[in-house]
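To start, the structure itself, in structure tokens.
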Amino acid sequence: GLSLAPSTHRPSILPLQLRITCKDVPATTLYDVLHDTQYRKKWDSNVIETYDIGRLTANADVGYYAWKCPSPLKNRDFVTLRSWLPLGNDYMIINYSVKHPKYPPRKDFVRAVSLQTGYLVKANGPLACTLYYLTQVDPRGEHPAWHMSRGNAAAMKKIYKAGLKYQEWKQKHEPGFKPWVYPEQNTLPSISLAELSLQHAESLENIDESGLAEDRMHISDDEA
């Protein structure tokens with residue numbers, strides 16, 4: 001079984017907090033960007049594969065996300081339970097890693113663990129917002145800390161840029177389809193909490209990549 005709260009976690013994994021002010025992007029638009037899996041494949045140059053697995057409730061689902069790490073690090077993936085909540089003009093999305101029997105760790109990826117990750121979108125009037133991002137992720141492996149912080153900072157800028165272009169993109173891609181806003185549109189298979197368990201990092205492979213120097217990494221900053 002599983003409760004809708006993350007477990008106690010390794011004290012060595014420090015939380016990372018970031019914030020970005022998004023001028024000319026309404027809070028509702030940024031909230032859509034964070035939810036829209038199809039759009040993510042367009043703006044997120046690190047994504048290898050992402051899809052929704054199933055829904056738990058009208059405002060909670062389980063999804064899969066795999067992303068490219070800079071060579072020579074191994075690529076990572078997640079299976080996470082995500083829940084969301086509109087708070088007046090603000091929006092919150094949180095996720096943490098779970099185990100799903102049909103989506104075990106894959107040989108071609110290192111299964112990372114989101115201990116807890118949260119987005120808070122706060123409206124700054126009707127046409128702008130601030131995105132707050134808090135994450136505590138165990139990438140499994142002695143992963144260089146500089147890579148995690150740099151990668152997350154670049155991702156925040158990409159989300160903002162994606163927000164500026166979302167309305168135009170969405171007009172051409174099922175403009176009325178937003179199951180995160182209209183739960184009756186959600187056609188994902190139903191998942192019961194009994195099928196899931198918390199993903200504890202200790203049960204996963206731990207690889208040592210700490211010797212990989214920063215100057216050997218090949219990181220694409222072209223869209224950052």
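Residues in the structure tokens are named by chain (A, B, ... in the order shown) and by number from 1 within that chain; ligands are numbered from 1 in the order shown.
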Can you list, as a compact mmCIF listing (two decimals) with N, CA and C atoms, in the first residue's frame, every protein, DNA or RNA residue that comes within 9 Å of A:Pro101 when you count only C-alpha atoms, leaving out same-chain residues fewer than 3 positions away?
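Generated output (around-v3.txt):
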```txt
# COMPACT_ATOMS: atom_id res chain seq x y z
N PRO A 104 9.10 -1.84 -14.36
CA PRO A 104 10.30 -2.00 -13.53
C PRO A 104 11.48 -1.25 -14.14
N GLU A 195 -1.82 -1.11 -6.21
CA GLU A 195 -0.87 -1.59 -7.23
C GLU A 195 0.50 -0.94 -7.07
N LEU A 196 0.57 0.14 -6.29
CA LEU A 196 1.80 0.93 -6.21
C LEU A 196 2.47 0.77 -4.85
```
>> So that I can check the secondary structure, give me every residue of stretch 18-212 of chain A assigned strand (DSSP E) by backbone DSSP, as a VMD selection string.
In response: chain A and resid 18 to 22 47 to 57 60 to 67 76 to 87 90 to 99 110 to 111 113 to 123 129 to 138 197 to 198
> Got a sec: who's within 9 Å of A:Gly63, counting only C-alpha atoms, leaving out chain neighbours fewer than 4 positions off, as a list in words?
Replying inline: Thr50, Tyr51, Asp52, Ile53, Gly54, Arg55, Phe78, Val79, Thr80, Leu81 and Arg82 of chain A
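Taking only C-alpha atoms, the non-local environment of A:Glu49 within 12 Å (same-chain residues fewer than 5 positions away omitted) comprises Thr37, Gln38, Arg40, Lys41, Lys42, Asp44, Gly63, Tyr64, Tyr65, Ala66, Trp67, Lys68, Asn75, Arg76, Asp77, Phe78, Val79 and Phe109 of chain A.
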